[in-house]
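Enquirer: The structure's right below; bear with me while I get my questions together.
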Amino acid sequence: MIGKAYVSTFQFYNNHTHKMEFKNRPILIVGQADSTDYVVLPISRVTNFANLDNNYDVPIEPSDVPLMNLKQRSYVRTHKQCVIHLGELTKEIVDFKNEYPDIYINIIAKMEAFQKHLIDNAL
C-alpha cells in the first residue's frame with residue numbers, strides 16, 4: 001500500500017459554508033500507522049495560490065503523471081499529513097512509487113524536511 005495513490009473520502013473545511021465537509025480526493029499513502037490505518041498526503045489543485053507552501057507543496061503536472069488522470073496542476077501537500085482508516089480508501093489509482101520514482105523520492109524528501117522542521121521547533 002505504501003507508495004500507492006488512491007481516491008479517498010477526505011474531510012476538509014469549506015470556507016463558503018464555514019463547515020467541515022467531505023469529498024473524494026486523491027491521496028498518496030506514505031506510511032502505515034497500524035493494521036488498519038495509513039498515513040497519507042492529500043493531492044490538491046489549490047486554487048488560492050496564497051495557500052501554497054513554497055517549501056512543502058510539491059507541484060505535479062498532469063503530463064508528468066499521466067496515470068493519475070489529473071485535469072490540471074496539482075500539489076502533493078507534504079505538510080498536511082493525516083491518518084485515515086483503510087475503509088476511507090475507495091479506489092486505487094496508481095502505484096506512484098513504482099511508476100514515478102523520481103517524483104516519489106522528491107515528495108518523501110520534502111516530507112522528511114517538514115518532519116525535521118516540526119521536531120526542531122518542538123524542542
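The chains in the C-alpha cells are called A, B, ... from first to last as shown; in each chain the residues are counted from 1, and the ligands are counted from 1 in the order shown.
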From chain A, collect each residue whose DSSP state is helix (DSSP H, G or I) and return the set as a PyMOL selection string.

Expert: chain A and resi 49-51+66-68+86-88+96-99+101-122

Enquirer: Would you save the residues from that selection as a CSV table (one decimal), in the first residue's frame, using N, CA and C atoms?

Expert:
chain,number,residue,atom,x,y,z
A,49,PHE,N,-3.6,30.5,-4.6
A,49,PHE,CA,-2.2,30.3,-4.5
A,49,PHE,C,-1.5,30.9,-3.2
A,50,ALA,N,-2.2,31.8,-2.5
A,50,ALA,CA,-1.8,32.3,-1.2
A,50,ALA,C,-1.7,31.1,-0.2
A,51,ASN,N,-2.4,30.0,-0.5
A,51,ASN,CA,-2.4,28.9,0.5
A,51,ASN,C,-1.3,27.9,0.2
A,66,PRO,N,0.8,10.8,-16.0
A,66,PRO,CA,-0.5,10.6,-16.8
A,66,PRO,C,-1.4,9.6,-16.2
A,67,LEU,N,-0.9,8.6,-15.5
A,67,LEU,CA,-1.7,7.6,-14.9
A,67,LEU,C,-2.6,8.1,-13.8
A,68,MET,N,-2.3,9.3,-13.3
A,68,MET,CA,-3.1,9.9,-12.2
A,68,MET,C,-4.4,10.5,-12.8
A,86,LEU,N,-8.4,2.4,6.6
A,86,LEU,CA,-8.5,1.6,5.4
A,86,LEU,C,-9.8,1.8,4.7
A,87,GLY,N,-10.9,1.9,5.4
A,87,GLY,CA,-12.2,2.0,4.9
A,87,GLY,C,-12.5,3.3,4.1
A,88,GLU,N,-11.6,4.3,4.3
A,88,GLU,CA,-11.8,5.5,3.6
A,88,GLU,C,-11.1,5.5,2.2
A,96,PHE,N,2.3,4.8,-7.4
A,96,PHE,CA,3.0,6.0,-7.6
A,96,PHE,C,4.5,5.8,-7.4
A,97,LYS,N,4.9,5.1,-6.4
A,97,LYS,CA,6.3,4.8,-6.1
A,97,LYS,C,7.0,4.1,-7.2
A,98,ASN,N,6.3,3.2,-7.9
A,98,ASN,CA,7.0,2.4,-8.9
A,98,ASN,C,6.8,3.1,-10.3
A,99,GLU,N,5.7,3.8,-10.5
A,99,GLU,CA,5.5,4.4,-11.8
A,99,GLU,C,6.3,5.8,-12.0
A,101,PRO,N,9.1,7.1,-9.8
A,101,PRO,CA,10.0,7.0,-8.6
A,101,PRO,C,10.7,8.3,-8.3
A,102,ASP,N,11.1,9.1,-9.3
A,102,ASP,CA,11.8,10.3,-9.1
A,102,ASP,C,10.9,11.3,-8.3
A,103,ILE,N,9.7,11.4,-8.8
A,103,ILE,CA,8.8,12.4,-8.1
A,103,ILE,C,8.5,11.9,-6.7
A,104,TYR,N,8.3,10.6,-6.6
A,104,TYR,CA,8.0,10.0,-5.2
A,104,TYR,C,9.2,10.3,-4.3
A,105,ILE,N,10.4,10.1,-4.7
A,105,ILE,CA,11.6,10.4,-3.8
A,105,ILE,C,11.6,11.9,-3.4
A,106,ASN,N,11.3,12.8,-4.3
A,106,ASN,CA,11.2,14.2,-4.0
A,106,ASN,C,10.2,14.5,-3.0
A,107,ILE,N,9.0,13.8,-3.1
A,107,ILE,CA,7.9,14.0,-2.2
A,107,ILE,C,8.3,13.5,-0.8
A,108,ILE,N,9.0,12.4,-0.7
A,108,ILE,CA,9.4,11.8,0.6
A,108,ILE,C,10.5,12.8,1.2
A,109,ALA,N,11.4,13.3,0.4
A,109,ALA,CA,12.4,14.2,0.9
A,109,ALA,C,11.8,15.5,1.5
A,110,LYS,N,10.8,16.0,0.8
A,110,LYS,CA,10.1,17.2,1.3
A,110,LYS,C,9.3,16.9,2.6
A,111,MET,N,8.7,15.7,2.7
A,111,MET,CA,8.0,15.3,3.9
A,111,MET,C,9.0,15.1,5.0
A,112,GLU,N,10.2,14.6,4.8
A,112,GLU,CA,11.2,14.4,5.8
A,112,GLU,C,11.7,15.8,6.3
A,113,ALA,N,11.9,16.7,5.3
A,113,ALA,CA,12.3,18.1,5.7
A,113,ALA,C,11.3,18.8,6.6
A,114,PHE,N,10.0,18.6,6.3
A,114,PHE,CA,8.9,19.1,7.1
A,114,PHE,C,9.0,18.5,8.5
A,115,GLN,N,9.1,17.2,8.6
A,115,GLN,CA,9.2,16.5,9.9
A,115,GLN,C,10.3,17.0,10.7
A,116,LYS,N,11.5,17.2,10.1
A,116,LYS,CA,12.7,17.7,10.8
A,116,LYS,C,12.4,19.1,11.3
A,117,HIS,N,11.8,20.0,10.5
A,117,HIS,CA,11.4,21.3,10.9
A,117,HIS,C,10.4,21.3,12.1
A,118,LEU,N,9.5,20.4,12.0
A,118,LEU,CA,8.5,20.3,13.0
A,118,LEU,C,9.1,19.9,14.4
A,119,ILE,N,10.0,18.9,14.3
A,119,ILE,CA,10.6,18.4,15.5
A,119,ILE,C,11.6,19.4,16.1
A,120,ASP,N,12.4,20.1,15.2
A,120,ASP,CA,13.3,21.1,15.7
A,120,ASP,C,12.6,22.2,16.4
A,121,ASN,N,11.4,22.6,15.9
A,121,ASN,CA,10.6,23.7,16.5
A,121,ASN,C,9.9,23.2,17.8
A,122,ALA,N,9.8,21.9,18.0
A,122,ALA,CA,9.1,21.4,19.2
A,122,ALA,C,10.1,21.3,20.4

Enquirer: Give me the residues of segment 71-106 of chain A that have any atom at most 7 Å from an atom of segment 4-17 of chain A; for each, the nearest atom pair and the distance in Å, rounded to one decimal. Use only C-alpha atoms, sort by chain and number, and format it as JSON lines.

Expert:
{"residue": "A:Glu88", "atom": "CA", "partner": "A:Thr9", "partner_atom": "CA", "distance": 5.3}
{"residue": "A:Leu89", "atom": "CA", "partner": "A:Ser8", "partner_atom": "CA", "distance": 4.5}
{"residue": "A:Thr90", "atom": "CA", "partner": "A:Ser8", "partner_atom": "CA", "distance": 5.4}
{"residue": "A:Lys91", "atom": "CA", "partner": "A:Val7", "partner_atom": "CA", "distance": 5.2}
{"residue": "A:Glu92", "atom": "CA", "partner": "A:Tyr6", "partner_atom": "CA", "distance": 4.3}
{"residue": "A:Ile93", "atom": "CA", "partner": "A:Tyr6", "partner_atom": "CA", "distance": 5.0}
{"residue": "A:Val94", "atom": "CA", "partner": "A:Ala5", "partner_atom": "CA", "distance": 5.4}
{"residue": "A:Asp95", "atom": "CA", "partner": "A:Lys4", "partner_atom": "CA", "distance": 4.3}
{"residue": "A:Phe96", "atom": "CA", "partner": "A:Lys4", "partner_atom": "CA", "distance": 5.1}
{"residue": "A:Lys97", "atom": "CA", "partner": "A:Lys4", "partner_atom": "CA", "distance": 6.4}

Enquirer: For N, CA and C atoms, I'd like the residues from the last selection saved as a PDB file, in the first residue's frame.

Expert:
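Written out: out-v9.pdb:
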ATOM      1  N   GLU A  88     -11.630   4.263   4.296  1.00  0.00           N
ATOM      2  CA  GLU A  88     -11.779   5.532   3.580  1.00  0.00           C
ATOM      3  C   GLU A  88     -11.140   5.509   2.195  1.00  0.00           C
ATOM      4  N   LEU A  89     -10.411   4.437   1.901  1.00  0.00           N
ATOM      5  CA  LEU A  89      -9.803   4.295   0.576  1.00  0.00           C
ATOM      6  C   LEU A  89     -10.842   3.678  -0.358  1.00  0.00           C
ATOM      7  N   THR A  90     -11.189   4.401  -1.423  1.00  0.00           N
ATOM      8  CA  THR A  90     -12.266   3.913  -2.275  1.00  0.00           C
ATOM      9  C   THR A  90     -11.790   3.266  -3.566  1.00  0.00           C
ATOM     10  N   LYS A  91     -10.632   3.725  -4.118  1.00  0.00           N
ATOM     11  CA  LYS A  91     -10.186   3.172  -5.395  1.00  0.00           C
ATOM     12  C   LYS A  91      -8.701   3.433  -5.581  1.00  0.00           C
ATOM     13  N   GLU A  92      -7.955   2.396  -5.949  1.00  0.00           N
ATOM     14  CA  GLU A  92      -6.541   2.588  -6.252  1.00  0.00           C
ATOM     15  C   GLU A  92      -6.407   3.282  -7.606  1.00  0.00           C
ATOM     16  N   ILE A  93      -5.523   4.280  -7.666  1.00  0.00           N
ATOM     17  CA  ILE A  93      -5.271   4.990  -8.917  1.00  0.00           C
ATOM     18  C   ILE A  93      -4.036   4.429  -9.604  1.00  0.00           C
ATOM     19  N   VAL A  94      -2.906   4.432  -8.881  1.00  0.00           N
ATOM     20  CA  VAL A  94      -1.642   4.026  -9.477  1.00  0.00           C
ATOM     21  C   VAL A  94      -0.630   3.712  -8.380  1.00  0.00           C
ATOM     22  N   ASP A  95       0.296   2.827  -8.692  1.00  0.00           N
ATOM     23  CA  ASP A  95       1.435   2.579  -7.807  1.00  0.00           C
ATOM     24  C   ASP A  95       2.440   3.702  -8.077  1.00  0.00           C
ATOM     25  N   PHE A  96       2.254   4.811  -7.402  1.00  0.00           N
ATOM     26  CA  PHE A  96       3.015   6.033  -7.631  1.00  0.00           C
ATOM     27  C   PHE A  96       4.515   5.796  -7.446  1.00  0.00           C
ATOM     28  N   LYS A  97       4.860   5.075  -6.406  1.00  0.00           N
ATOM     29  CA  LYS A  97       6.262   4.823  -6.065  1.00  0.00           C
ATOM     30  C   LYS A  97       7.001   4.127  -7.206  1.00  0.00           C
TER      31      LYS A  97
END

Enquirer: Determine which residues of chain A receive a DSSP assignment of strand (DSSP E), computed from the backbone, and state them as a PyMOL selection string.

Expert: chain A and resi 5-14+19-32+37-44+57-60+74-77+82-85+89-94

Enquirer: For Asp34 of chain A, work out the shell of residues within 12 Å, counting only C-alpha atoms and skipping chain neighbours fewer than 5 positions away, then give it as an MDAnalysis selection string.

Expert: chainID A and resid 39 83:86

Enquirer: Take the residues just selected and output them with C-alpha atoms as a short mmCIF file (atom, residue, chain, number, x, y, z; two decimals), in the first residue's frame.

Expert:
data_model
loop_
_atom_site.label_atom_id
_atom_site.label_comp_id
_atom_site.auth_asym_id
_atom_site.auth_seq_id
_atom_site.Cartn_x
_atom_site.Cartn_y
_atom_site.Cartn_z
CA VAL A 39 -0.51 7.98 6.89
CA VAL A 83 -4.07 9.29 9.24
CA ILE A 84 -7.01 7.63 7.56
CA HIS A 85 -8.72 4.29 8.04
CA LEU A 86 -8.48 1.62 5.37
#

Enquirer: Taking only C-alpha atoms into account, which of A:Asn48, A:Asp37, A:Tyr56, A:Val76 comes nearest Arg25 of chain A?

Expert: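 Answer, going by the shortest atom-to-atom distance: A:Val76.
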
Enquirer: Work out how far apart atom CA of Gln72 of chain A and atom CA of Thr47 of chain A are and give it in Å to one decimal.

Expert: 10.6 Å

Enquirer: Could you tell me how far atom CA of Tyr100 of chain A lies from atom CA of Asn24 of chain A, in Å and to one decimal?

Expert: 22.4 Å

Enquirer: If you measure from atom CA of Pro59 of chain A to atom CA of Ser74 of chain A, what distance in Å do you get, rounded to one decimal?

Expert: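 Atom CA of Pro59 of chain A sits 5.7 Å away from atom CA of Ser74 of chain A.
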
Enquirer: Which of these residues is nearest to Tyr38 of chain A, using only C-alpha atoms: A:Ile2, A:Pro26, A:Val58, A:Arg77?

Expert: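 Result for the nearest residue to Tyr38 of chain A: A:Ile2.
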